[in-house]
file protein-v2.pdb (PDB, C-alpha atoms and all ligand atoms)
MODEL        1
ATOM      1  CA  MET A 293      63.576 -97.191 -16.930  1.00  0.00           C
ATOM      2  CA  SER A 294      61.735 -98.398 -13.871  1.00  0.00           C
ATOM      3  CA  SER A 295      58.380 -99.995 -14.283  1.00  0.00           C
ATOM      4  CA  GLY A 296      56.995-102.960 -12.393  1.00  0.00           C
ATOM      5  CA  THR A 297      54.746-102.527  -9.414  1.00  0.00           C
ATOM      6  CA  GLN A 298      54.997 -99.177  -7.696  1.00  0.00           C
ATOM      7  CA  ASN A 299      53.494-100.038  -4.287  1.00  0.00           C
ATOM      8  CA  GLU A 300      52.827 -96.463  -3.274  1.00  0.00           C
ATOM      9  CA  ASN A 301      51.969 -96.069   0.406  1.00  0.00           C
ATOM     10  CA  CYS A 302      53.806 -99.264   1.327  1.00  0.00           C
ATOM     11  CA  PHE A 303      56.560 -99.062   3.914  1.00  0.00           C
ATOM     12  CA  TYR A 304      59.146-101.069   5.832  1.00  0.00           C
ATOM     13  CA  PRO A 305      59.867-100.203   9.456  1.00  0.00           C
ATOM     14  CA  ASN A 306      62.770 -97.763   9.838  1.00  0.00           C
ATOM     15  CA  ARG A 307      64.709-100.217  11.986  1.00  0.00           C
ATOM     16  CA  TRP A 308      64.807-102.892   9.270  1.00  0.00           C
ATOM     17  CA  MET A 309      66.425-100.559   6.791  1.00  0.00           C
ATOM     18  CA  ARG A 310      68.757 -99.213   9.450  1.00  0.00           C
ATOM     19  CA  ILE A 311      69.894-102.758  10.256  1.00  0.00           C
ATOM     20  CA  LEU A 312      70.201-103.569   6.535  1.00  0.00           C
ATOM     21  CA  LEU A 313      72.411-100.528   5.935  1.00  0.00           C
ATOM     22  CA  ILE A 314      74.580-101.260   8.983  1.00  0.00           C
ATOM     23  CA  SER A 315      74.892-104.918   7.914  1.00  0.00           C
ATOM     24  CA  THR A 316      75.798-103.803   4.403  1.00  0.00           C
ATOM     25  CA  GLU A 317      78.418-101.488   5.884  1.00  0.00           C
ATOM     26  CA  GLU A 318      80.004-104.450   7.661  1.00  0.00           C
ATOM     27  CA  ILE A 319      80.273-106.254   4.316  1.00  0.00           C
ATOM     28  CA  ILE A 320      81.406-103.463   1.959  1.00  0.00           C
ATOM     29  CA  GLY A 321      82.465-100.683   4.344  1.00  0.00           C
ATOM     30  CA  LYS A 322      81.063 -97.203   4.901  1.00  0.00           C
ATOM     31  CA  ASN A 323      82.355 -95.932   1.552  1.00  0.00           C
ATOM     32  CA  GLY A 324      80.739 -98.866  -0.191  1.00  0.00           C
ATOM     33  CA  VAL A 325      77.375 -98.026   1.341  1.00  0.00           C
ATOM     34  CA  ASN A 326      77.818 -94.372   0.445  1.00  0.00           C
ATOM     35  CA  SER A 327      78.447 -95.325  -3.202  1.00  0.00           C
ATOM     36  CA  LEU A 328      75.465 -97.639  -3.110  1.00  0.00           C
ATOM     37  CA  LEU A 329      73.194 -94.905  -1.745  1.00  0.00           C
ATOM     38  CA  ASN A 330      74.458 -92.447  -4.351  1.00  0.00           C
ATOM     39  CA  LEU A 331      73.893 -94.967  -7.113  1.00  0.00           C
ATOM     40  CA  ALA A 332      70.397 -95.639  -5.774  1.00  0.00           C
ATOM     41  CA  GLY A 333      69.614 -91.923  -5.900  1.00  0.00           C
ATOM     42  CA  LEU A 334      69.186 -91.907  -2.133  1.00  0.00           C
ATOM     43  CA  PRO A 335      72.060 -89.649  -0.949  1.00  0.00           C
ATOM     44  CA  GLU A 336      69.854 -88.269   1.824  1.00  0.00           C
ATOM     45  CA  TYR A 337      70.613 -91.444   3.822  1.00  0.00           C
ATOM     46  CA  ILE A 338      74.397 -91.039   3.677  1.00  0.00           C
ATOM     47  CA  GLY A 339      75.500 -90.700   7.316  1.00  0.00           C
ATOM     48  CA  ASN A 340      71.823 -90.405   8.117  1.00  0.00           C
ATOM     49  CA  TYR A 341      70.375 -93.894   8.400  1.00  0.00           C
ATOM     50  CA  PRO A 342      66.699 -94.314   9.284  1.00  0.00           C
ATOM     51  CA  PRO A 343      66.046 -94.053  13.045  1.00  0.00           C
ATOM     52  CA  ASP A 344      66.015 -97.101  15.295  1.00  0.00           C
ATOM     53  CA  ASN A 345      62.258 -97.507  15.605  1.00  0.00           C
ATOM     54  CA  MET A 346      59.524 -99.645  14.092  1.00  0.00           C
ATOM     55  CA  LYS A 347      57.581 -96.801  12.469  1.00  0.00           C
ATOM     56  CA  LYS A 348      56.559 -97.756   8.951  1.00  0.00           C
ATOM     57  CA  GLU A 349      58.322 -94.927   7.136  1.00  0.00           C
ATOM     58  CA  PHE A 350      60.811 -96.422   4.638  1.00  0.00           C
ATOM     59  CA  PRO A 351      59.007 -96.496   1.258  1.00  0.00           C
ATOM     60  CA  PHE A 352      59.058 -99.683  -0.815  1.00  0.00           C
ATOM     61  CA  ASP A 353      60.170 -97.802  -3.930  1.00  0.00           C
ATOM     62  CA  GLN A 354      63.328 -96.843  -2.033  1.00  0.00           C
ATOM     63  CA  VAL A 355      63.874-100.475  -1.000  1.00  0.00           C
ATOM     64  CA  GLY A 356      63.575-101.343  -4.708  1.00  0.00           C
ATOM     65  CA  LYS A 357      66.029 -98.592  -5.686  1.00  0.00           C
ATOM     66  CA  LEU A 358      68.553 -99.760  -3.119  1.00  0.00           C
ATOM     67  CA  GLN A 359      68.244-103.339  -4.373  1.00  0.00           C
ATOM     68  CA  GLN A 360      68.613-102.166  -7.973  1.00  0.00           C
ATOM     69  CA  ALA A 361      71.806-100.357  -6.956  1.00  0.00           C
ATOM     70  CA  TYR A 362      73.259-103.714  -5.775  1.00  0.00           C
ATOM     71  CA  TRP A 363      72.530-105.049  -9.269  1.00  0.00           C
ATOM     72  CA  ASP A 364      74.032-102.011 -11.002  1.00  0.00           C
ATOM     73  CA  MET A 365      77.126-102.092  -8.803  1.00  0.00           C
ATOM     74  CA  TYR A 366      77.869-105.836  -8.750  1.00  0.00           C
ATOM     75  CA  GLY A 367      76.077-107.326 -11.765  1.00  0.00           C
ATOM     76  CA  PRO A 368      73.376-109.968 -11.365  1.00  0.00           C
ATOM     77  CA  ARG A 369      75.582-112.746 -10.036  1.00  0.00           C
ATOM     78  CA  GLY A 370      77.434-110.582  -7.528  1.00  0.00           C
ATOM     79  CA  ALA A 371      74.239-108.824  -6.494  1.00  0.00           C
ATOM     80  CA  ARG A 372      72.455-112.115  -5.840  1.00  0.00           C
ATOM     81  CA  ALA A 373      75.279-113.327  -3.610  1.00  0.00           C
ATOM     82  CA  PHE A 374      75.560-109.982  -1.916  1.00  0.00           C
ATOM     83  CA  ALA A 375      71.822-109.552  -1.310  1.00  0.00           C
ATOM     84  CA  THR A 376      71.613-113.055   0.134  1.00  0.00           C
ATOM     85  CA  ARG A 377      74.487-112.331   2.484  1.00  0.00           C
ATOM     86  CA  ALA A 378      73.053-108.954   3.498  1.00  0.00           C
ATOM     87  CA  GLY A 379      69.626-110.481   4.143  1.00  0.00           C
ATOM     88  CA  LYS A 380      71.096-113.190   6.319  1.00  0.00           C
ATOM     89  CA  LYS A 381      73.233-110.727   8.215  1.00  0.00           C
ATOM     90  CA  THR A 382      70.258-108.398   8.668  1.00  0.00           C
ATOM     91  CA  LEU A 383      68.235-111.217  10.191  1.00  0.00           C
ATOM     92  CA  ASN A 384      71.118-112.240  12.460  1.00  0.00           C
ATOM     93  CA  ASP A 385      71.823-108.672  13.551  1.00  0.00           C
ATOM     94  CA  GLY A 386      68.143-107.913  13.939  1.00  0.00           C
ATOM     95  CA  VAL A 387      67.145-111.029  15.762  1.00  0.00           C
ATOM     96  CA  GLU A 388      67.402-109.437  19.197  1.00  0.00           C
ATOM     97  CA  HIS A 389      64.893-106.816  18.065  1.00  0.00           C
ATOM     98  CA  PHE A 390      62.341-109.413  17.080  1.00  0.00           C
ATOM     99  CA  GLY A 391      61.546-109.736  20.787  1.00  0.00           C
ATOM    100  CA  GLN A 392      58.210-111.362  21.439  1.00  0.00           C
ATOM    101  CA  ILE A 393      57.832-112.917  18.020  1.00  0.00           C
ATOM    102  CA  ALA A 394      61.235-114.577  18.283  1.00  0.00           C
ATOM    103  CA  LYS A 395      60.339-115.946  21.701  1.00  0.00           C
ATOM    104  CA  ALA A 396      57.002-117.243  20.432  1.00  0.00           C
ATOM    105  CA  ALA A 397      58.613-118.733  17.323  1.00  0.00           C
ATOM    106  CA  ARG A 398      61.360-120.414  19.340  1.00  0.00           C
ATOM    107  CA  ALA A 399      58.833-121.806  21.848  1.00  0.00           C
ATOM    108  CA  ALA A 400      56.604-123.160  19.082  1.00  0.00           C
ATOM    109  CA  MET A 401      59.587-124.650  17.358  1.00  0.00           C
ATOM    110  CA  LYS A 402      60.593-126.705  20.378  1.00  0.00           C
ATOM    111  CA  ILE A 403      57.541-128.921  19.949  1.00  0.00           C
ATOM    112  CA  GLY A 404      56.946-131.711  17.468  1.00  0.00           C
ATOM    113  CA  SER A 405      58.904-133.025  14.519  1.00  0.00           C
ATOM    114  CA  PHE A 406      61.553-130.888  12.917  1.00  0.00           C
ATOM    115  CA  GLU A 407      59.412-130.361   9.861  1.00  0.00           C
ATOM    116  CA  ARG A 408      56.445-129.305  11.968  1.00  0.00           C
ATOM    117  CA  ARG A 409      58.618-126.880  13.885  1.00  0.00           C
ATOM    118  CA  VAL A 410      59.867-125.215  10.718  1.00  0.00           C
ATOM    119  CA  SER A 411      56.297-124.963   9.399  1.00  0.00           C
ATOM    120  CA  LEU A 412      55.188-123.207  12.574  1.00  0.00           C
ATOM    121  CA  GLY A 413      58.229-120.967  12.600  1.00  0.00           C
ATOM    122  CA  LEU A 414      57.620-119.854   9.019  1.00  0.00           C
ATOM    123  CA  GLN A 415      53.966-119.149   9.816  1.00  0.00           C
ATOM    124  CA  PHE A 416      55.001-116.993  12.774  1.00  0.00           C
ATOM    125  CA  PHE A 417      57.559-115.228  10.669  1.00  0.00           C
ATOM    126  CA  ALA A 418      55.036-114.514   7.900  1.00  0.00           C
ATOM    127  CA  LYS A 419      52.577-113.131  10.427  1.00  0.00           C
ATOM    128  CA  PHE A 420      55.288-110.918  11.827  1.00  0.00           C
ATOM    129  CA  PHE A 421      56.142-109.521   8.383  1.00  0.00           C
ATOM    130  CA  ASN A 422      52.486-108.845   7.692  1.00  0.00           C
ATOM    131  CA  GLN A 423      51.962-107.111  11.018  1.00  0.00           C
ATOM    132  CA  VAL A 424      54.940-104.808  11.224  1.00  0.00           C
ATOM    133  CA  SER A 425      55.504-104.024   7.535  1.00  0.00           C
ATOM    134  CA  ASP A 426      53.460-103.597   4.371  1.00  0.00           C
ATOM    135  CA  GLN A 427      55.151-106.585   2.787  1.00  0.00           C
ATOM    136  CA  HIS A 428      52.489-109.241   2.464  1.00  0.00           C
ATOM    137  CA  VAL A 429      53.536-112.866   2.606  1.00  0.00           C
ATOM    138  CA  SER A 430      51.895-116.251   3.046  1.00  0.00           C
ATOM    139  CA  VAL A 431      53.307-119.735   3.565  1.00  0.00           C
ATOM    140  CA  GLU A 432      52.262-122.966   1.874  1.00  0.00           C
ATOM    141  CA  GLU A 433      53.805-126.404   1.891  1.00  0.00           C
ATOM    142  CA  ASP A 434      53.643-129.809   0.255  1.00  0.00           C
ATOM    143  CA  ASP A 435      55.626-133.000   0.794  1.00  0.00           C
ATOM    144  CA  THR A 436      58.836-131.634  -0.660  1.00  0.00           C
ATOM    145  CA  ALA A 437      58.963-127.933   0.130  1.00  0.00           C
ATOM    146  CA  TRP A 438      57.741-124.844   1.895  1.00  0.00           C
ATOM    147  CA  TYR A 439      56.662-121.927  -0.292  1.00  0.00           C
ATOM    148  CA  TRP A 440      57.203-118.384   0.917  1.00  0.00           C
ATOM    149  CA  ASN A 441      54.759-116.387  -1.227  1.00  0.00           C
ATOM    150  CA  ILE A 442      55.386-112.666  -1.517  1.00  0.00           C
ATOM    151  CA  HIS A 443      52.179-110.915  -2.571  1.00  0.00           C
ATOM    152  CA  VAL A 444      53.366-107.341  -2.018  1.00  0.00           C
ATOM    153  CA  CYS A 445      57.118-107.125  -2.489  1.00  0.00           C
ATOM    154  CA  PRO A 446      59.393-104.235  -1.514  1.00  0.00           C
ATOM    155  CA  MET A 447      62.388-105.759  -3.330  1.00  0.00           C
ATOM    156  CA  CYS A 448      60.527-105.844  -6.650  1.00  0.00           C
ATOM    157  CA  THR A 449      59.034-102.392  -6.346  1.00  0.00           C
ATOM    158  CA  GLY A 450      59.703-100.365  -9.493  1.00  0.00           C
ATOM    159  CA  ARG A 451      61.900-103.084 -10.985  1.00  0.00           C
ATOM    160  CA  THR A 452      61.781-105.344 -14.006  1.00  0.00           C
ATOM    161  CA  SER A 453      64.112-108.286 -14.536  1.00  0.00           C
ATOM    162  CA  ASP A 454      64.481-111.472 -16.589  1.00  0.00           C
ATOM    163  CA  SER A 455      65.255-113.500 -13.488  1.00  0.00           C
ATOM    164  CA  PRO A 456      64.142-113.322  -9.839  1.00  0.00           C
ATOM    165  CA  VAL A 457      65.611-110.482  -7.795  1.00  0.00           C
ATOM    166  CA  CYS A 458      64.345-111.204  -4.282  1.00  0.00           C
ATOM    167  CA  TYR A 459      67.614-112.502  -2.863  1.00  0.00           C
ATOM    168  CA  LEU A 460      67.411-110.319   0.198  1.00  0.00           C
ATOM    169  CA  ALA A 461      64.420-112.472   1.217  1.00  0.00           C
ATOM    170  CA  VAL A 462      66.438-115.616   0.432  1.00  0.00           C
ATOM    171  CA  GLY A 463      69.084-114.452   2.897  1.00  0.00           C
ATOM    172  CA  VAL A 464      66.526-113.480   5.530  1.00  0.00           C
ATOM    173  CA  LEU A 465      64.908-116.913   5.264  1.00  0.00           C
ATOM    174  CA  GLN A 466      68.264-118.700   5.458  1.00  0.00           C
ATOM    175  CA  GLY A 467      69.076-116.652   8.552  1.00  0.00           C
ATOM    176  CA  ALA A 468      65.675-117.409  10.083  1.00  0.00           C
ATOM    177  CA  LEU A 469      66.069-121.152   9.505  1.00  0.00           C
ATOM    178  CA  GLU A 470      69.479-121.095  11.162  1.00  0.00           C
ATOM    179  CA  ASN A 471      68.318-118.976  14.078  1.00  0.00           C
ATOM    180  CA  PHE A 472      64.977-120.501  14.824  1.00  0.00           C
ATOM    181  CA  ALA A 473      65.254-124.040  13.522  1.00  0.00           C
ATOM    182  CA  ASP A 474      68.662-125.630  13.417  1.00  0.00           C
ATOM    183  CA  ALA A 475      71.983-123.855  13.094  1.00  0.00           C
ATOM    184  CA  ASP A 476      73.650-126.965  11.664  1.00  0.00           C
ATOM    185  CA  LYS A 477      71.321-127.666   8.762  1.00  0.00           C
ATOM    186  CA  ARG A 478      71.483-125.874   5.421  1.00  0.00           C
ATOM    187  CA  TYR A 479      68.531-125.714   3.068  1.00  0.00           C
ATOM    188  CA  ASN A 480      68.179-124.945  -0.591  1.00  0.00           C
ATOM    189  CA  VAL A 481      66.298-121.646  -0.670  1.00  0.00           C
ATOM    190  CA  THR A 482      65.485-120.637  -4.247  1.00  0.00           C
ATOM    191  CA  PRO A 483      63.311-117.902  -5.725  1.00  0.00           C
ATOM    192  CA  THR A 484      61.259-119.403  -8.555  1.00  0.00           C
ATOM    193  CA  HIS A 485      58.735-116.659  -9.209  1.00  0.00           C
ATOM    194  CA  CYS A 486      59.206-112.932  -8.920  1.00  0.00           C
ATOM    195  CA  ILE A 487      56.932-109.947  -9.456  1.00  0.00           C
ATOM    196  CA  ALA A 488      59.815-108.064 -11.142  1.00  0.00           C
ATOM    197  CA  LYS A 489      59.887-110.678 -13.888  1.00  0.00           C
ATOM    198  CA  GLY A 490      56.156-110.501 -14.422  1.00  0.00           C
ATOM    199  CA  ASP A 491      54.829-113.158 -12.067  1.00  0.00           C
ATOM    200  CA  GLU A 492      51.754-112.285 -10.090  1.00  0.00           C
ATOM    201  CA  VAL A 493      53.246-113.533  -6.817  1.00  0.00           C
ATOM    202  CA  GLY A 494      56.879-113.945  -5.815  1.00  0.00           C
ATOM    203  CA  VAL A 495      57.660-117.460  -4.609  1.00  0.00           C
ATOM    204  CA  ILE A 496      60.694-118.612  -2.659  1.00  0.00           C
ATOM    205  CA  VAL A 497      60.988-122.380  -2.390  1.00  0.00           C
ATOM    206  CA  ILE A 498      62.605-123.918   0.681  1.00  0.00           C
ATOM    207  CA  GLU A 499      63.361-127.570   0.041  1.00  0.00           C
ATOM    208  CA  LYS A 500      62.493-129.787   2.982  1.00  0.00           C
ATOM    209  CA  ASN A 501      65.493-132.073   2.515  1.00  0.00           C
ATOM    210  CA  PRO A 502      68.534-130.333   3.969  1.00  0.00           C
ATOM    211  CA  MET A 503      71.555-130.125   1.690  1.00  0.00           C
TER     212      MET A 503
HETATM  213 ZN    ZN A 601      60.680-110.442  -6.435  1.00  0.00          ZN
ENDMDL
END

call {"tool": "encode", "arguments": {"input": "protein-v2.pdb", "output": "structure tokens"}}
result
Amino acid sequence: MSSGTQNENCFYPNRWMRILLISTEEIIGKNGVNSLLNLAGLPEYIGNYPPDNMKKEFPFDQVGKLQQAYWDMYGPRGARAFATRAGKKTLNDGVEHFGQIAKAARAAMKIGSFERRVSLGLQFFAKFFNQVSDQHVSVEEDDTAWYWNIHVCPMCTGRTSDSPVCYLAVGVLQGALENFADADKRYNVTPTHCIAKGDEVGVIVIEKNPM
């Protein structure tokens, strides 16, 4: 069934997937995660999460399978909500591990207008993704929005869909905005393009006007 981009030899750091699985556990419980891993065809991770290090060893096709399992288990609507929540929680739980980059992002984001600070923060964040994982992202902006472009996407790996599936990234971005920019503002963060639905680049739009 799976087609889409395969992204062989692309990996996420172990720690990211470890944090994602632990965050997921806090939402749906240990048994829920076990079912999810079984459904994803990844039973080897049951009770055996990836180690707590930044080695790039968790293959993108497994990230895709895990995401697909959310969809199979909860249906599109439930999976979107769940992936968003898990992404946000992963960012919040992982934020202490971001270390230097978080410090640099926070420092940069203390200077200038709010909009300028978010722009800088997103640039830092993109650079961080590109450095420590094989996900490749870039950031653009115009007067109304920031655009988080995903050129190589773990979430889409091996998947095809009629609508965007990269809600884990939506949650991560929402979490990042709250952590690094302003905890009181909420932004519309919407995936408009997605490699799984045939677009060349995945695009997540962050509207500049808070909700
Ligand atoms: Zn996507």

call {"tool": "residues_around", "arguments": {"input": "protein-v2.pdb", "residues": "range 401-417 of chain A", "least_positions_apart": "4", "cutoff": "9 Å", "atoms": "all atoms listed in the file", "output": "PyMOL selection string"}}
result
chain A and resi 393-394+396-397+421-422+430-433+438+440+465+468-469+472-474+500

call {"tool": "resolve_selection", "arguments": {"input": "protein-v2.pdb", "expression": "the PyMOL selection byres (((chain A and resi 308) around 10) and not hetatm)", "output": "JSON, numbers by chain"}}
result
{"A": [304, 305, 306, 307, 309, 310, 311, 312, 313, 314, 342, 343, 344, 345, 346, 347, 348, 350, 382, 383, 386, 389, 425]}

call {"tool": "closest_residue", "arguments": {"input": "protein-v2.pdb", "among": "A:Ala475, A:Gly370, A:Asn340, A:Gln360", "to": "ligand ZN 601 (chain A)", "atoms": "only C-alpha atoms and all ligand atoms"}}
result
A:Gln360

call {"tool": "resolve_selection", "arguments": {"input": "protein-v2.pdb", "expression": "the PyMOL selection byres (((chain A and resi 331) around 10) and not hetatm)", "output": "list in words"}}
result
Val325, Asn326, Ser327, Leu328, Leu329, Asn330, Ala332, Gly333, Leu334, Pro335, Lys357, Leu358, Gln360, Ala361, Tyr362, Asp364 and Met365 of chain A

call {"tool": "residues_near_ligand", "arguments": {"input": "protein-v2.pdb", "ligand": "ligand ZN 601 (chain A)", "cutoff": "8 Å", "atoms": "only C-alpha atoms and all ligand atoms", "output": "MDAnalysis selection string"}}
result
chainID A and resid 442 445 447:448 456:458 483 485:489 494:495

call {"tool": "atom_distance", "arguments": {"input": "protein-v2.pdb", "atom1": "CA of Asn301 in chain A", "atom2": "CA of Ala373 in chain A"}}
result
29.3 Å

call {"tool": "resolve_selection", "arguments": {"input": "protein-v2.pdb", "expression": "the PyMOL selection byres (((chain A and resi 299) around 9) and not hetatm)", "output": "list in words"}}
result
Thr297, Gln298, Glu300, Asn301, Cys302, Phe303, Pro351, Phe352, Asp353, Val444, Cys445, Pro446, Thr449 and Gly450 of chain A
